[in-house]
file input.cif (mmCIF, C-alpha atoms and all ligand atoms)
data_upload
#
loop_
_atom_site.label_atom_id
_atom_site.label_comp_id
_atom_site.auth_asym_id
_atom_site.auth_seq_id
_atom_site.Cartn_x
_atom_site.Cartn_y
_atom_site.Cartn_z
CA MET A 1 58.70 85.36 78.12
CA ALA A 2 59.94 81.78 78.53
CA ALA A 3 58.41 79.87 81.43
CA SER A 4 60.78 79.43 84.34
CA PRO A 5 61.92 75.84 84.87
CA LEU A 6 61.79 76.50 88.60
CA PRO A 7 58.77 75.58 90.69
CA ARG A 8 56.40 78.43 91.45
CA TRP A 9 57.06 78.19 95.17
CA ALA A 10 60.84 78.06 95.05
CA PRO A 11 62.92 80.97 96.42
CA THR A 12 64.25 82.29 93.14
CA PRO A 13 67.22 84.62 92.90
CA SER A 14 66.42 88.08 91.58
CA PRO A 15 68.39 91.18 90.60
CA SER A 16 70.94 92.55 93.03
CA ARG A 17 69.53 94.33 96.06
CA PRO A 18 71.02 95.41 99.37
CA LEU A 19 70.41 93.02 102.24
CA ARG A 20 68.24 94.78 104.79
CA LEU A 21 65.31 93.81 106.95
CA THR A 22 62.18 95.49 105.64
CA SER A 23 58.91 96.25 107.31
CA SER A 24 57.28 93.69 105.04
CA THR A 25 59.37 90.96 106.61
CA ILE A 26 57.64 88.94 109.25
CA VAL A 27 59.95 87.43 111.78
CA THR A 28 58.02 84.53 113.12
CA SER A 29 58.46 83.34 116.64
CA TRP A 30 59.15 79.65 116.82
CA CYS A 31 59.10 77.22 119.62
CA SER A 32 62.56 76.39 120.84
CA TRP A 33 64.12 73.10 119.87
CA SER A 34 63.66 71.75 123.35
CA SER A 35 59.97 72.60 123.67
CA CYS A 36 59.04 71.07 120.34
CA GLN A 37 57.34 67.73 120.16
CA LEU A 38 59.93 65.09 119.48
CA SER A 39 60.10 62.15 117.13
CA PRO A 40 59.21 61.10 114.59
CA ILE A 41 58.65 64.55 113.02
CA PHE A 42 57.73 67.86 114.54
CA PHE A 43 57.02 71.19 113.02
CA PRO A 44 57.37 74.68 114.47
CA ARG A 45 54.19 76.37 115.56
CA ARG A 46 53.80 79.95 114.49
CA SER A 47 52.58 82.77 116.65
CA SER A 48 49.52 84.78 115.62
CA GLU A 49 50.70 85.12 112.08
CA PRO A 50 48.59 86.29 109.15
CA SER A 51 47.36 83.48 106.96
CA THR A 52 50.16 82.14 104.83
CA PRO A 53 49.42 81.82 101.13
CA SER A 54 49.51 78.20 100.12
CA PRO A 55 47.88 76.04 97.49
CA ALA A 56 46.13 74.21 100.31
CA ASN A 57 44.26 77.27 101.62
CA GLY A 58 43.43 78.53 98.18
CA VAL A 59 45.31 81.83 98.46
CA ALA A 60 46.90 82.97 95.21
CA GLY A 61 50.35 81.52 94.85
CA ASP A 62 52.02 84.49 93.17
CA TRP A 63 55.16 85.85 94.71
CA ARG A 64 54.81 88.92 96.83
CA GLU A 65 57.31 91.72 96.80
CA GLU A 66 60.87 90.51 97.16
CA SER A 67 62.01 90.27 100.73
CA ARG A 68 65.35 91.78 101.64
CA VAL A 69 66.09 89.96 104.80
CA SER A 70 69.07 89.83 107.09
CA GLU A 71 67.90 86.64 108.79
CA VAL A 72 66.07 83.76 107.19
CA PHE A 73 63.70 81.28 108.80
CA LEU A 74 63.28 78.73 106.07
CA THR A 75 60.34 76.33 106.29
CA TRP A 76 58.99 73.69 103.98
CA GLU A 77 55.65 71.96 104.27
CA ASP A 78 54.46 68.84 102.51
CA LEU A 79 57.21 69.20 99.93
CA SER A 80 57.26 66.61 97.15
CA VAL A 81 59.43 66.35 94.06
CA THR A 82 58.85 64.09 91.07
CA ALA A 83 61.15 63.52 88.13
CA THR A 84 60.05 62.78 84.60
CA ASN A 85 61.94 59.68 83.71
CA GLY A 86 61.54 58.56 80.08
CA ARG A 87 59.52 55.39 79.75
CA LYS A 88 59.07 54.95 83.49
CA GLY A 89 56.92 58.09 83.59
CA HIS A 90 57.13 59.93 86.89
CA VAL A 91 59.40 58.92 89.73
CA VAL A 92 58.74 60.29 93.21
CA ILE A 93 62.02 61.53 94.68
CA LEU A 94 60.80 63.49 97.70
CA ASP A 95 57.52 62.56 99.32
CA GLY A 96 55.74 65.05 101.59
CA LEU A 97 58.66 66.48 103.57
CA SER A 98 58.23 69.16 106.23
CA GLY A 99 60.88 70.92 108.22
CA TYR A 100 62.64 74.16 108.95
CA ALA A 101 66.04 75.80 109.33
CA ARG A 102 66.71 78.70 111.65
CA PRO A 103 69.13 81.66 111.72
CA GLY A 104 72.44 81.05 113.47
CA GLU A 105 72.05 77.29 113.20
CA VAL A 106 73.28 74.43 111.04
CA LEU A 107 70.66 71.93 109.89
CA ALA A 108 72.22 68.68 108.66
CA LEU A 109 70.48 66.59 106.01
CA MET A 110 71.60 63.01 106.46
CA GLY A 111 70.64 59.61 105.12
CA PRO A 112 71.87 56.89 102.78
CA SER A 113 73.11 57.62 99.28
CA GLY A 114 70.21 58.27 96.93
CA CYS A 115 67.71 59.15 99.70
CA GLY A 116 67.17 62.64 98.24
CA LYS A 117 69.47 65.01 100.19
CA THR A 118 70.74 66.91 97.14
CA THR A 119 67.23 67.05 95.66
CA LEU A 120 65.93 68.59 98.89
CA LEU A 121 68.76 71.16 98.87
CA ASP A 122 68.06 71.94 95.21
CA ALA A 123 64.33 72.29 95.85
CA LEU A 124 64.89 74.62 98.81
CA ALA A 125 67.41 76.67 96.84
CA GLY A 126 65.16 76.91 93.77
CA ARG A 127 67.60 74.93 91.62
CA LEU A 128 65.50 71.98 90.50
CA GLY A 129 66.26 70.98 86.92
CA PRO A 130 63.69 71.06 84.13
CA SER A 131 62.93 67.33 84.49
CA MET A 132 61.90 67.82 88.12
CA LYS A 133 58.59 69.11 89.40
CA GLY A 134 57.99 70.32 92.93
CA ARG A 135 54.81 70.62 94.94
CA GLY A 136 54.23 72.02 98.41
CA ASP A 137 55.23 75.16 100.27
CA ILE A 138 58.59 76.74 100.85
CA MET A 139 58.48 79.83 103.01
CA ILE A 140 60.90 82.56 103.90
CA ASN A 141 60.14 84.07 107.30
CA GLY A 142 56.66 82.58 107.18
CA ARG A 143 55.79 83.91 103.75
CA ARG A 144 56.05 82.61 100.25
CA GLU A 145 58.41 85.26 98.96
CA LYS A 146 61.28 85.67 96.59
CA LEU A 147 64.70 86.00 98.08
CA ALA A 148 66.64 89.03 96.94
CA PHE A 149 69.81 88.30 94.99
CA GLY A 150 72.71 87.64 97.32
CA THR A 151 70.49 86.47 100.17
CA SER A 152 71.35 82.82 99.58
CA ALA A 153 74.39 80.94 98.35
CA TYR A 154 74.92 77.33 97.32
CA VAL A 155 78.19 75.41 97.48
CA THR A 156 78.07 72.31 95.27
CA GLN A 157 79.98 69.07 95.83
CA GLU A 158 82.56 69.84 93.17
CA SER A 159 84.65 72.96 93.55
CA VAL A 160 85.36 74.90 90.37
CA LEU A 161 88.52 76.83 91.11
CA MET A 162 91.33 77.98 88.82
CA ALA A 163 94.45 75.97 89.63
CA THR A 164 96.86 78.74 88.67
CA LEU A 165 95.49 81.37 91.04
CA THR A 166 96.58 81.80 94.62
CA VAL A 167 93.91 81.64 97.32
CA ALA A 168 94.00 85.43 97.79
CA GLU A 169 93.76 86.07 94.05
CA ALA A 170 90.79 83.71 93.64
CA VAL A 171 88.86 85.27 96.52
CA ARG A 172 89.75 88.88 95.61
CA TYR A 173 88.81 88.40 91.94
CA SER A 174 85.51 86.88 93.01
CA ALA A 175 84.91 89.84 95.32
CA GLN A 176 85.54 92.30 92.47
CA LEU A 177 83.06 90.43 90.24
CA GLN A 178 80.37 89.55 92.80
CA LEU A 179 80.09 92.55 95.06
CA PRO A 180 77.96 95.53 94.07
CA ASP A 181 79.35 98.53 92.17
CA SER A 182 78.43 100.69 95.16
CA MET A 183 81.47 99.22 96.95
CA SER A 184 84.89 100.64 96.11
CA PRO A 185 87.66 98.26 94.93
CA SER A 186 89.43 98.69 98.27
CA GLU A 187 86.26 97.83 100.21
CA LYS A 188 85.84 94.72 98.05
CA ARG A 189 89.45 93.74 98.68
CA SER A 190 89.08 94.20 102.40
CA ARG A 191 85.84 92.10 102.36
CA ALA A 192 87.81 89.37 100.54
CA ASP A 193 90.65 89.51 103.06
CA ASP A 194 88.19 89.30 105.97
CA ALA A 195 86.53 86.25 104.42
CA ILE A 196 89.95 84.61 103.96
CA LYS A 197 90.68 85.16 107.66
CA GLN A 198 87.24 83.96 108.76
CA MET A 199 87.70 80.68 106.91
CA GLY A 200 91.18 80.19 108.41
CA LEU A 201 92.92 80.54 105.06
CA ALA A 202 95.33 83.39 105.87
CA VAL A 203 98.31 81.02 106.12
CA VAL A 204 97.77 79.79 102.56
CA ALA A 205 96.61 83.11 101.07
CA ASP A 206 99.65 83.26 98.77
CA THR A 207 99.71 79.56 97.89
CA ARG A 208 98.48 78.42 94.49
CA ILE A 209 95.23 76.48 94.53
CA GLY A 210 96.77 73.82 92.28
CA GLY A 211 95.15 70.90 90.58
CA ARG A 212 95.83 67.40 89.30
CA VAL A 213 99.12 68.35 87.63
CA SER A 214 100.56 70.85 90.08
CA LYS A 215 100.05 70.27 93.79
CA GLY A 216 98.61 73.20 95.66
CA ILE A 217 96.51 73.62 98.78
CA SER A 218 94.94 70.62 100.51
CA GLY A 219 91.46 69.24 99.80
CA GLY A 220 90.07 70.73 103.01
CA GLN A 221 91.56 74.14 102.19
CA ARG A 222 90.12 73.91 98.68
CA LYS A 223 86.65 73.27 100.18
CA ARG A 224 87.13 76.25 102.44
CA VAL A 225 88.09 78.46 99.46
CA SER A 226 84.86 77.46 97.68
CA ILE A 227 82.83 78.27 100.79
CA CYS A 228 84.81 81.48 101.35
CA ILE A 229 83.89 82.72 97.85
CA GLU A 230 80.20 82.05 98.56
CA LEU A 231 80.42 83.88 101.88
CA LEU A 232 81.71 87.10 100.25
CA ALA A 233 78.22 88.48 99.67
CA SER A 234 77.31 87.71 103.32
CA PRO A 235 74.39 85.44 102.45
CA SER A 236 71.67 84.99 105.07
CA LEU A 237 71.08 81.44 103.86
CA LEU A 238 73.81 78.98 102.90
CA PHE A 239 73.23 75.62 101.21
CA LEU A 240 76.12 73.17 101.30
CA ASP A 241 76.16 69.91 99.37
CA GLU A 242 78.59 67.51 101.03
CA PRO A 243 81.02 70.12 102.36
CA THR A 244 83.11 67.39 103.98
CA SER A 245 83.16 64.73 101.26
CA GLY A 246 86.65 63.42 100.59
CA LEU A 247 88.05 65.02 103.75
CA ASP A 248 89.53 63.25 106.77
CA SER A 249 87.85 63.76 110.13
CA ALA A 250 90.21 66.59 111.22
CA ALA A 251 89.72 68.54 107.97
CA SER A 252 85.94 67.92 108.12
CA TYR A 253 85.83 69.29 111.63
CA HIS A 254 87.86 72.34 110.59
CA VAL A 255 85.47 73.12 107.71
CA MET A 256 82.24 72.54 109.66
CA SER A 257 83.37 74.29 112.84
CA ARG A 258 84.23 77.44 110.83
CA ILE A 259 80.82 77.35 109.18
CA ALA A 260 79.01 76.80 112.48
CA ARG A 261 80.91 79.70 114.07
CA ILE A 262 80.21 82.07 111.16
CA ALA A 263 76.53 81.02 111.22
CA GLN A 264 76.25 81.65 114.93
CA ARG A 265 78.02 85.02 114.83
CA GLY A 266 76.23 86.37 111.78
CA GLY A 267 72.78 84.77 112.23
CA MET A 268 73.26 82.86 108.98
CA THR A 269 70.96 79.90 108.30
CA VAL A 270 72.87 76.85 107.07
CA VAL A 271 71.42 73.73 105.46
CA ALA A 272 74.07 71.09 104.71
CA ALA A 273 73.81 67.62 103.18
CA VAL A 274 76.39 65.57 105.06
CA HIS A 275 77.66 62.02 104.71
CA GLN A 276 78.80 60.00 107.72
CA PRO A 277 80.06 62.80 109.95
CA SER A 278 82.41 62.01 112.84
CA THR A 279 81.02 62.44 116.37
CA GLU A 280 82.85 65.78 116.71
CA VAL A 281 81.33 67.09 113.47
CA PHE A 282 77.86 65.76 114.37
CA GLU A 283 78.01 67.67 117.65
CA LEU A 284 78.30 70.93 115.67
CA PHE A 285 74.85 70.43 114.12
CA HIS A 286 71.87 72.05 115.76
CA GLY A 287 69.17 70.34 113.76
CA LEU A 288 68.99 67.02 111.97
CA CYS A 289 66.77 65.98 109.09
CA LEU A 290 67.30 62.26 108.68
CA MET A 291 65.98 60.92 105.40
CA ALA A 292 65.31 57.51 103.83
CA ASN A 293 63.74 56.81 100.44
CA GLY A 294 62.68 60.42 99.90
CA LYS A 295 60.92 60.71 103.29
CA THR A 296 61.86 62.30 106.58
CA VAL A 297 62.33 59.65 109.26
CA TYR A 298 63.52 62.07 111.96
CA PHE A 299 63.42 65.83 112.20
CA GLY A 300 64.55 67.55 115.36
CA PRO A 301 67.50 68.55 117.47
CA ALA A 302 70.62 66.64 116.44
CA ALA A 303 71.46 65.95 120.10
CA LYS A 304 68.03 64.41 120.74
CA ALA A 305 68.42 62.03 117.80
CA ILE A 306 71.10 60.17 119.73
CA GLU A 307 68.83 59.89 122.79
CA VAL A 308 66.00 58.55 120.62
CA ARG A 309 68.35 56.00 119.06
CA LEU A 310 69.62 54.85 122.42
CA ARG A 311 66.07 54.55 123.81
CA ASN A 312 64.82 52.40 120.92
N1 LIG B 401 66.60 63.79 87.05
C1 LIG B 401 66.35 62.66 87.68
N2 LIG B 401 65.56 61.74 87.16
C2 LIG B 401 65.28 60.61 87.80
N3 LIG B 401 65.78 60.30 89.01
C3 LIG B 401 66.60 61.18 89.58
C4 LIG B 401 66.95 62.40 88.97
N4 LIG B 401 67.79 63.06 89.79
C5 LIG B 401 67.95 62.30 90.88
N5 LIG B 401 67.25 61.16 90.75
C6 LIG B 401 67.16 60.08 91.74
O1 LIG B 401 66.65 60.64 92.94
C7 LIG B 401 67.21 59.99 94.06
C8 LIG B 401 67.76 61.02 95.03
O2 LIG B 401 68.93 61.61 94.45
P1 LIG B 401 69.82 62.64 95.28
O3 LIG B 401 70.98 63.03 94.46
O4 LIG B 401 68.95 63.71 95.80
O5 LIG B 401 70.28 61.71 96.50
P2 LIG B 401 71.38 61.97 97.62
O6 LIG B 401 70.78 61.54 98.93
O7 LIG B 401 71.88 63.37 97.55
O8 LIG B 401 72.52 60.97 97.18
P3 LIG B 401 74.11 61.03 97.44
O9 LIG B 401 74.29 60.99 98.94
O10 LIG B 401 74.61 59.78 96.79
O11 LIG B 401 74.64 62.28 96.81
C9 LIG B 401 68.24 59.01 93.52
O12 LIG B 401 67.67 57.73 93.50
C10 LIG B 401 68.52 59.51 92.13
O13 LIG B 401 68.87 58.47 91.28
#
call {"tool": "encode", "arguments": {"input": "input.cif", "output": "structure tokens", "more": "lines below"}}
Ligand SMILES: Nc1ncnc2c1ncn2[C@@H]1O[C@H](COP(=O)(O)OP(=O)(O)OP(=O)(O)O)[C@@H](O)[C@H]1O
result
Amino acid sequence: MAASPLPRWAPTPSPSRPLRLTSSTIVTSWCSWSSCQLSPIFFPRRSSEPSTPSPANGVAGDWREESRVSEVFLTWEDLSVTATNGRKGHVVILDGLSGYARPGEVLALMGPSGCGKTTLLDALAGRLGPSMKGRGDIMINGRREKLAFGTSAYVTQESVLMATLTVAEAVRYSAQLQLPDSMSPSEKRSRADDAIKQMGLAVVADTRIGGRVSKGISGGQRKRVSICIELLASPSLLFLDEPTSGLDSAASYHVMSRIARIAQRGGMTVVAAVHQPSTEVFELFHGLCLMANGKTVYFGPAAKAIEVRLRN
């Protein structure tokens, strides 16, 4: 069998399974944002949890049984990524990052262009390319486990949508293809229609998506269609790479507020790389991971980051 290009510790997708909480799932109790030590970096303390397998403590690093979880506490500890870069040898892209993302909350990854936001998202989502090598621990609910297929979704910067389809057609076709055979076509259609409503796309459901040649829905609506398609399988963990890039502040707010609301209602964990958000968008974030040169320079509540900045 060919070796997987993905790092051993990455949450790798696996064959389709229902999303249910199993007895093997440990739901760890974390300190609340407010009680955590602040700046420069803090890390959640776990309750009396069984020892977590990690290279550091010498426990075998093999994946345990797949977890089928309805809520995901995602943590990463001492996470580093290096890229093999021709003559230059190895380039360190991420250097010893630690952090976490919690159910019902949006964690924003911010920092200057090239600081490593997309690489961190890719590492957490198990999507590092073959030229990248990761080291460190990534844990799902306190354990190094595989995520069952459908538990996580990733929305990339570029949306790949067919210009000739209407919004409803695109989402319904995706539902027919993505959702399990155990669902009837009418259940799949109704799931698609619910997702369209949740993302505020009902008014443009019958409008063509459009493209460069034929004008269709707006850029913000297009972003929401891409996210809507990823939400069809009700993922517990959503990765978003620049969900607001190219949008004006009103459209950005519309996209992010929908995501924050869906996360809060459904206990979904969201990790989003975001560029220069407006104040209104920033206020939607629960957590902030501020990065520079592949390192974390602040990890904590987004609201506290402003206080820290004002104090210093
Ligand atoms: N395969 C690779 N080989 C070598 N260097 C790479 C590779 N992929 C990314 N990099 C470098 O790693 C750094 C981080 O890239 P990354 O895309 O994660 O940054 P980013 O913060 O998401 O940037 P942006 O905000 O511009 O999208 C950059 O300097 C980039 O050039």
call {"tool": "closest_residue", "arguments": {"input": "input.cif", "among": "A:Asp241, A:Asp95, A:Glu158, A:Asp181", "to": "A:Gly136", "atoms": "all atoms listed in the file"}}
result
A:Asp95
call {"tool": "closest_residue", "arguments": {"input": "input.cif", "among": "A:Pro112, A:Gly300, A:Pro243, A:Gly150", "to": "ligand LIG 401 (chain B)", "atoms": "only C-alpha atoms and all ligand atoms"}}
result
A:Pro112
call {"tool": "residues_near_ligand", "arguments": {"input": "input.cif", "ligand": "ligand LIG 401 (chain B)", "cutoff": "7 Å", "atoms": "only C-alpha atoms and all ligand atoms", "output": "PyMOL selection string"}}
result
chain A and resi 83-85+91+93+111-120+131-132+275
call {"tool": "residues_around", "arguments": {"input": "input.cif", "residues": "A:Val160", "least_positions_apart": "4", "cutoff": "12 Å", "atoms": "only C-alpha atoms", "output": "PyMOL selection string"}}
result
chain A and resi 155-156+170+209-211+222-223+225-227+229
call {"tool": "write_last_selection", "arguments": {"input": "input.cif", "atoms": "C-alpha atoms", "output": "PDB file, in the coordinates of the input"}}
result
ATOM      1  CA  VAL A 155      78.190  75.410  97.480  1.00  0.00           C
ATOM      2  CA  THR A 156      78.070  72.310  95.270  1.00  0.00           C
ATOM      3  CA  ALA A 170      90.790  83.710  93.640  1.00  0.00           C
ATOM      4  CA  ILE A 209      95.230  76.480  94.530  1.00  0.00           C
ATOM      5  CA  GLY A 210      96.770  73.820  92.280  1.00  0.00           C
ATOM      6  CA  GLY A 211      95.150  70.900  90.580  1.00  0.00           C
ATOM      7  CA  ARG A 222      90.120  73.910  98.680  1.00  0.00           C
ATOM      8  CA  LYS A 223      86.650  73.270 100.180  1.00  0.00           C
ATOM      9  CA  VAL A 225      88.090  78.460  99.460  1.00  0.00           C
ATOM     10  CA  SER A 226      84.860  77.460  97.680  1.00  0.00           C
ATOM     11  CA  ILE A 227      82.830  78.270 100.790  1.00  0.00           C
ATOM     12  CA  ILE A 229      83.890  82.720  97.850  1.00  0.00           C
TER      13      ILE A 229
END
call {"tool": "residues_around", "arguments": {"input": "input.cif", "residues": "A:Ser257", "least_positions_apart": "3", "cutoff": "8 Å", "atoms": "only C-alpha atoms", "output": "list of chain:residue names"}}
result
A:Tyr253, A:His254, A:Ala260, A:Arg261, A:Val281, A:Leu284
call {"tool": "atom_distance", "arguments": {"input": "input.cif", "atom1": "atom CA of A:Pro301", "atom2": "atom CA of A:His286"}}
result
5.9 Å
call {"tool": "closest_residue", "arguments": {"input": "input.cif", "among": "A:Met199, A:Leu79, A:Leu231, A:Ile138", "to": "A:Ala101", "atoms": "all atoms listed in the file"}}
result
A:Ile138
call {"tool": "atom_distance", "arguments": {"input": "input.cif", "atom1": "atom CA of A:Pro277", "atom2": "atom CA of A:Ala292"}}
result
16.8 Å
call {"tool": "closest_residue", "arguments": {"input": "input.cif", "among": "A:Ile262, A:Leu201, A:Ala123, A:Leu109", "to": "A:Ser80", "atoms": "only C-alpha atoms"}}
result
A:Ala123
call {"tool": "closest_residue", "arguments": {"input": "input.cif", "among": "A:Ala195, A:Leu165, A:Val255, A:Ala202", "to": "A:Ser214", "atoms": "only C-alpha atoms"}}
result
A:Leu165
call {"tool": "atom_distance", "arguments": {"input": "input.cif", "atom1": "atom CA of A:Arg102", "atom2": "atom CA of A:Ala192"}}
result
26.1 Å
call {"tool": "closest_residue", "arguments": {"input": "input.cif", "among": "A:Ile196, A:Leu107, A:Tyr298, A:Ala233", "to": "A:Met183", "atoms": "all atoms listed in the file"}}
result
A:Ala233
call {"tool": "residues_around", "arguments": {"input": "input.cif", "residues": "A:Leu232", "least_positions_apart": "3", "cutoff": "12 Å", "atoms": "only C-alpha atoms", "output": "MDAnalysis selection string"}}
result
chainID A and resid 150:153 170:180 187:199 225:229 235:236 238
call {"tool": "write_last_selection", "arguments": {"input": "input.cif", "atoms": "C-alpha atoms", "output": "CSV table (one decimal), in the frame of the given file"}}
result
chain,number,residue,atom,x,y,z
A,150,GLY,CA,72.7,87.6,97.3
A,151,THR,CA,70.5,86.5,100.2
A,152,SER,CA,71.4,82.8,99.6
A,153,ALA,CA,74.4,80.9,98.4
A,170,ALA,CA,90.8,83.7,93.6
A,171,VAL,CA,88.9,85.3,96.5
A,172,ARG,CA,89.8,88.9,95.6
A,173,TYR,CA,88.8,88.4,91.9
A,174,SER,CA,85.5,86.9,93.0
A,175,ALA,CA,84.9,89.8,95.3
A,176,GLN,CA,85.5,92.3,92.5
A,177,LEU,CA,83.1,90.4,90.2
A,178,GLN,CA,80.4,89.6,92.8
A,179,LEU,CA,80.1,92.6,95.1
A,180,PRO,CA,78.0,95.5,94.1
A,187,GLU,CA,86.3,97.8,100.2
A,188,LYS,CA,85.8,94.7,98.0
A,189,ARG,CA,89.4,93.7,98.7
A,190,SER,CA,89.1,94.2,102.4
A,191,ARG,CA,85.8,92.1,102.4
A,192,ALA,CA,87.8,89.4,100.5
A,193,ASP,CA,90.6,89.5,103.1
A,194,ASP,CA,88.2,89.3,106.0
A,195,ALA,CA,86.5,86.2,104.4
A,196,ILE,CA,90.0,84.6,104.0
A,197,LYS,CA,90.7,85.2,107.7
A,198,GLN,CA,87.2,84.0,108.8
A,199,MET,CA,87.7,80.7,106.9
A,225,VAL,CA,88.1,78.5,99.5
A,226,SER,CA,84.9,77.5,97.7
A,227,ILE,CA,82.8,78.3,100.8
A,228,CYS,CA,84.8,81.5,101.4
A,229,ILE,CA,83.9,82.7,97.8
A,235,PRO,CA,74.4,85.4,102.4
A,236,SER,CA,71.7,85.0,105.1
A,238,LEU,CA,73.8,79.0,102.9
call {"tool": "axis_aligned_box", "arguments": {"input": "input.cif", "around": "stretch 74-79 of chain A", "padding_each_side": "8 Å", "output": "lines of an AutoDock Vina configuration file"}}
result
center_x = 58.9
center_y = 73.8
center_z = 103.1
size_x = 24.8
size_y = 25.9
size_z = 22.4
